[in-house]
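Below is one structure, written out as structure tokens; the observations come after it.
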Amino acid sequence: MMELRGRKVLVVGSGKSGIGAAGLLSKVGAVPVLFDSNDKLDIEELKQKTKDMPELMIYLGEIPKSVMEEISLVVISPGVPIDSPMLTEYKDRSVPIWGEIELAYNFAKGRVAAITGTNGKTTTTTLVGQIMNAYYESVFVVGNIGNPYTDVALSTREDSVTVAEISSFQLETIHAFKPAVSAILNITPDHLNRHHTMECYVKTKEMIAGNQTKSDICVLNYEDAYTRKFGEACPAQVIYFSSARRLCDGIYLEGEEIFLAKDGQSTRLMNIHDMNLVGMCNVENVMAAIAISMSLQVPMDIILDTVRVFKAVEHRIEFVDTKNGVDYYNDSKGTNPDAAIQGIRAMTKPTVLIGGGYDKQSEYDEWIEAFDGKVKALVLIGQTREKIADCARAHGVQNIILADTFEEAFDICVKQARPGDAVLLSPACASWGMFPNYEVRGRMFKELVEKIGV
């Protein structure tokens with residue numbers, strides 16, 4: 001463990017993650033230096049949020065050279081690109097660069113279950129957290145899910161289980177991080193504006209298991225070509241799950257039943273209609289959660305009882321309400337085409353779909369193809385609306401409507417939908433540019449649903 005007492009540590013980024021990191025550093029006797037490149041932020045508000053950190057220094061816009069030269073460690077928030085000029089300068093000077101996850105891990109105790117994947121991370125992490133809480137006394141659910149690991153690291157005990165949702169941005173800066181159980185749910189193109197190539201993105205995802213050994217476990221999706229291939233080289237013991245074939249060892253779906261196989265012998269676990277979740281993506285999430293929880297020695301009856309009562313995570317194919325005979329679903333967390341494919345596949349009725357948003361340089365052909373005749377109207381918003389419209393027309397989609405605002409798009413959906421239809425917010429794009437995050441977008445959708453007919 002790096003000795004940080006009395007040493008200046010630069011924390012880049014002043015959001016939840018950065019403030020969490022600064023708080024942990026303050027508690028262990030380091031001298032945190034909080035920096036944000038946005039000089040328009042309210043420094044008084046930041047001081048108020050960090051008033052219990054007397055040693056903290058805050059800089060916005062730029063840092064004095066004299067302070068920069070005294071830095072022993074840099075801790076970056078997930079949104080900070082590791083190839084930024086400032087970080088390149090520190091790398092050239094051999095100053096270690098960690099993420100918030102690495103910092104927390106250095107001070108945390110107990111076992112960690114770490115979950116990554118392009119889609120399904122939040123649902124799987126939340127479900128595994130509930131399963132752990134049903135069996136263990138000391139459980140923490142952290143990471144990309146919105147709870148900084150640094151906030152709880154010093155509260156963990158030797159008997160704690162920490163369930164961590166880890167994004168590719170967080171995996172770029174791990175060094176010693178070594179979960180007892182890791183999981184890669186799937187890998188499909190995303191964040192290529194940050195990782196530049198698919199090869200780089202895949203390698204970053206695989207880093208979740210990079211420090212594991214054969215005494216650890218890695219849960220992988222057999223039906224994903226990238227994760228299946230990684231299983232051959234993975235340093236941990238591999239448990240596969242499959243939604244498409246019977247496995248000799250692992251967890252698989254056959255018909256509507258989930259089975260556990262060991263040495264070719266299969267045991268039925270549950271029927272998928274005993275769950276509250278909808279869509280094949282959620283069946284896969286459940287199978288992954290079962291494998292992770294088994295690997296952490298939770299009895300199967302407790303695992304399955306928790307799965308049966310588990311409700312969908314907010315903003316992920318979340319049923320909102322039925323108004324005038326129309327079902328409304330909030331899938332605001334469908335921030336890339338592959339996630340949105342899962343959203344439309346889960347629909348069983350003619351669907352009016354809201355898509356579009358910030359351009360992450362994604363391609364939309366596979367998403368449009370997944371409409372499979374279900375989408376009776378495609379309502380598009382945001383930076384990508386023309387690009388998606390062109391793609392949809394090329395695939396024969398006829399009823400495409402462009403809207404200038406989210407409220408206008410919603411009103412169009414209400415007019416287009418008839419009793420027996422569904423309205424689905426599943427944008428295939430990030431929310432930035434129109435909203436600060438997908439949660440705000442999803443909440444607005446739900447508020448608008450509740451106002452129908454009022």
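If you're wondering about the labels, chains in the structure tokens are A, B, ... by order shown, residues count from 1 in each chain, ligands from 1 in order shown.
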
Check: Contacts of Glu254 in chain A at 10 Å or less, counting only C-alpha atoms, minus same-chain residues fewer than 6 places along, as number ranges by chain?
Finding: A: 242-246, 268, 271

Next item on the list: From the DSSP assignment of the backbone, select every residue of range 113-287 of chain A that is alpha helix (DSSP H), and format the answer as a count of residues only.
Entry: 53

Next item on the list: Excluding Leu24 in chain A and residues on its chain fewer than 5 positions from it, collect all residues at most 12 Å away from it, counting only C-alpha atoms, and give them as a count of residues only.
Entry: 32

Next item on the list: Compile the contact shell of Leu380 in chain A as an MDAnalysis selection string: residues with an atom at most 10 Å away, counting only C-alpha atoms, same-chain residues fewer than 4 positions apart removed.
Entry: chainID A and resid 353:357 384:389 400:406 409 427

Note to self: If I take CA of Val12 in chain A and CA of Met86 in chain A, how far is one from the other in Å, to one decimal?
What the structure shows: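 Separation of CA of Val12 in chain A and CA of Met86 in chain A: 10.0 Å.
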
Checklist line | Long-range neighbours of Gly250 in chain A as a ChimeraX atom specification, 6 Å cut-off, only C-alpha atoms, 4 positions minimum in chain | finding: /A:239-241,260-261

Residues of the last selection are to be written out with N, CA, C and O atoms, as a compact mmCIF listing (two decimals), in the first residue's frame.
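Result went into result_25.txt, see below:
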```txt
# COMPACT_ATOMS: atom_id res chain seq x y z
N ILE A 239 -16.71 -19.16 -14.99
CA ILE A 239 -18.07 -19.70 -15.00
C ILE A 239 -18.81 -18.99 -16.14
O ILE A 239 -18.93 -17.77 -16.14
N TYR A 240 -19.28 -19.76 -17.09
CA TYR A 240 -20.04 -19.19 -18.21
C TYR A 240 -21.53 -19.21 -17.90
O TYR A 240 -22.03 -20.07 -17.16
N PHE A 241 -22.26 -18.26 -18.52
CA PHE A 241 -23.72 -18.35 -18.58
C PHE A 241 -24.13 -18.23 -20.05
O PHE A 241 -23.43 -17.61 -20.85
N LEU A 260 -28.64 -24.95 -13.73
CA LEU A 260 -27.25 -24.95 -13.30
C LEU A 260 -26.65 -26.31 -13.66
O LEU A 260 -27.19 -27.36 -13.28
N ALA A 261 -25.54 -26.30 -14.40
CA ALA A 261 -24.89 -27.55 -14.81
C ALA A 261 -23.52 -27.66 -14.16
O ALA A 261 -22.77 -26.67 -14.09
```

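CA of Val67 in chain A lies 17.2 Å from CA of Pro54 in chain A.
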
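Within range 15-79 of chain A, residues classed as strand (DSSP E) by DSSP on backbone coordinates are Val31, Pro32, Val33, Leu34, Phe35, Asp36, Met57, Ile58, Tyr59, Leu60, Ile71, Ser72, Leu73, Val74, Val75 and Ile76 of chain A.
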
Could you name the residues that touch Tyr364 in chain A at 10 Å or less, counting only C-alpha atoms, but leaving out those on the same chain fewer than 4 positions away, as an mmCIF file with N, CA, C and O atoms, in the first residue's frame?
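Below is the file that was written, result.cif:
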```
data_model
loop_
_atom_site.group_PDB
_atom_site.id
_atom_site.type_symbol
_atom_site.label_atom_id
_atom_site.label_comp_id
_atom_site.auth_asym_id
_atom_site.auth_seq_id
_atom_site.Cartn_x
_atom_site.Cartn_y
_atom_site.Cartn_z
ATOM 1 N N ASN A 336 -26.754 3.479 -25.546
ATOM 2 C CA ASN A 336 -26.008 3.082 -26.747
ATOM 3 C C ASN A 336 -26.897 2.124 -27.543
ATOM 4 O O ASN A 336 -27.882 1.598 -27.016
ATOM 5 N N PRO A 337 -26.591 1.888 -28.813
ATOM 6 C CA PRO A 337 -27.481 1.066 -29.637
ATOM 7 C C PRO A 337 -27.713 -0.335 -29.082
ATOM 8 O O PRO A 337 -28.834 -0.846 -29.147
ATOM 9 N N ASP A 338 -26.682 -0.973 -28.526
ATOM 10 C CA ASP A 338 -26.882 -2.339 -28.046
ATOM 11 C C ASP A 338 -27.843 -2.382 -26.861
ATOM 12 O O ASP A 338 -28.684 -3.274 -26.764
ATOM 13 N N ALA A 340 -30.205 -0.252 -26.339
ATOM 14 C CA ALA A 340 -31.531 0.054 -26.886
ATOM 15 C C ALA A 340 -32.119 -1.140 -27.639
ATOM 16 O O ALA A 340 -33.343 -1.294 -27.697
ATOM 17 N N ILE A 341 -31.257 -1.985 -28.200
ATOM 18 C CA ILE A 341 -31.743 -3.227 -28.829
ATOM 19 C C ILE A 341 -32.462 -4.076 -27.787
ATOM 20 O O ILE A 341 -33.540 -4.626 -28.028
ATOM 21 N N ILE A 368 -31.816 -0.418 -35.538
ATOM 22 C CA ILE A 368 -32.983 -0.253 -36.422
ATOM 23 C C ILE A 368 -33.481 -1.626 -36.892
ATOM 24 O O ILE A 368 -34.688 -1.887 -36.934
ATOM 25 N N GLU A 369 -32.550 -2.518 -37.225
ATOM 26 C CA GLU A 369 -32.946 -3.864 -37.669
ATOM 27 C C GLU A 369 -33.706 -4.618 -36.577
ATOM 28 O O GLU A 369 -34.584 -5.434 -36.865
ATOM 29 N N LYS A 387 -28.954 11.807 -38.317
ATOM 30 C CA LYS A 387 -28.144 10.613 -38.614
ATOM 31 C C LYS A 387 -28.989 9.346 -38.444
ATOM 32 O O LYS A 387 -28.966 8.442 -39.287
ATOM 33 N N ILE A 388 -29.763 9.290 -37.343
ATOM 34 C CA ILE A 388 -30.614 8.120 -37.098
ATOM 35 C C ILE A 388 -31.741 8.063 -38.129
ATOM 36 O O ILE A 388 -32.079 6.990 -38.642
ATOM 37 N N ALA A 389 -32.312 9.219 -38.457
ATOM 38 C CA ALA A 389 -33.401 9.259 -39.444
ATOM 39 C C ALA A 389 -32.930 8.704 -40.791
ATOM 40 O O ALA A 389 -33.622 7.902 -41.431
ATOM 41 N N ASP A 390 -31.733 9.110 -41.217
ATOM 42 C CA ASP A 390 -31.184 8.617 -42.488
ATOM 43 C C ASP A 390 -30.992 7.101 -42.432
ATOM 44 O O ASP A 390 -31.326 6.378 -43.391
ATOM 45 N N CYS A 391 -30.475 6.618 -41.314
ATOM 46 C CA CYS A 391 -30.250 5.182 -41.148
ATOM 47 C C CYS A 391 -31.583 4.424 -41.159
ATOM 48 O O CYS A 391 -31.724 3.390 -41.809
ATOM 49 N N ALA A 392 -32.579 4.972 -40.464
ATOM 50 C CA ALA A 392 -33.892 4.321 -40.380
ATOM 51 C C ALA A 392 -34.558 4.246 -41.752
ATOM 52 O O ALA A 392 -35.141 3.220 -42.127
ATOM 53 N N ALA A 428 -30.802 5.068 -27.382
ATOM 54 C CA ALA A 428 -29.595 4.585 -28.071
ATOM 55 C C ALA A 428 -28.475 5.618 -28.081
ATOM 56 O O ALA A 428 -27.489 5.465 -28.804
ATOM 57 N N CYS A 429 -28.643 6.662 -27.290
ATOM 58 C CA CYS A 429 -27.665 7.757 -27.237
ATOM 59 C C CYS A 429 -27.572 8.282 -25.808
ATOM 60 O O CYS A 429 -28.522 8.172 -25.028
#
```

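In terms of minimum interatomic distance to Lys178 in chain A, A:Asp216 ranks closest within A:Glu69, A:Asp216, A:Glu232, A:Asp411, counting only C-alpha atoms.
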
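Residues within 6 Å of Tyr358 in chain A, counting only C-alpha atoms and excluding same-chain residues fewer than 4 positions away, are Gln383, Cys429, Ala430, Ser431 and Trp432 of chain A.
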
Just-selected residues, N, CA and C atoms written as a compact mmCIF listing (two decimals), in the first residue's frame:
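What follows is the written file selection14.txt:
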```txt
# COMPACT_ATOMS: atom_id res chain seq x y z
N GLN A 383 -28.79 15.71 -31.05
CA GLN A 383 -27.71 15.86 -32.01
C GLN A 383 -27.73 14.79 -33.10
N CYS A 429 -28.64 6.66 -27.29
CA CYS A 429 -27.67 7.76 -27.24
C CYS A 429 -27.57 8.28 -25.81
N ALA A 430 -26.44 8.90 -25.51
CA ALA A 430 -26.30 9.58 -24.21
C ALA A 430 -27.21 10.79 -24.17
N SER A 431 -27.42 11.30 -22.97
CA SER A 431 -28.37 12.40 -22.76
C SER A 431 -27.72 13.78 -22.87
N TRP A 432 -26.37 13.82 -22.87
CA TRP A 432 -25.67 15.10 -22.79
C TRP A 432 -26.08 16.02 -23.92
```

Next item on the list: Calculate how many Å separate CA of Ala233 in chain A from CA of Val141 in chain A, rounding to one decimal.
Entry: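 Atom-to-atom, CA of Ala233 in chain A and CA of Val141 in chain A are spaced 28.6 Å apart.
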
Notebook entry, point to check: With distances taken over only C-alpha atoms, which of A:Thr322, A:Ser77, A:Ser14, A:Gln212 is nearest to Leu46 in chain A?
Noted result: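 Closest to Leu46 in chain A of all the choices is A:Ser14.
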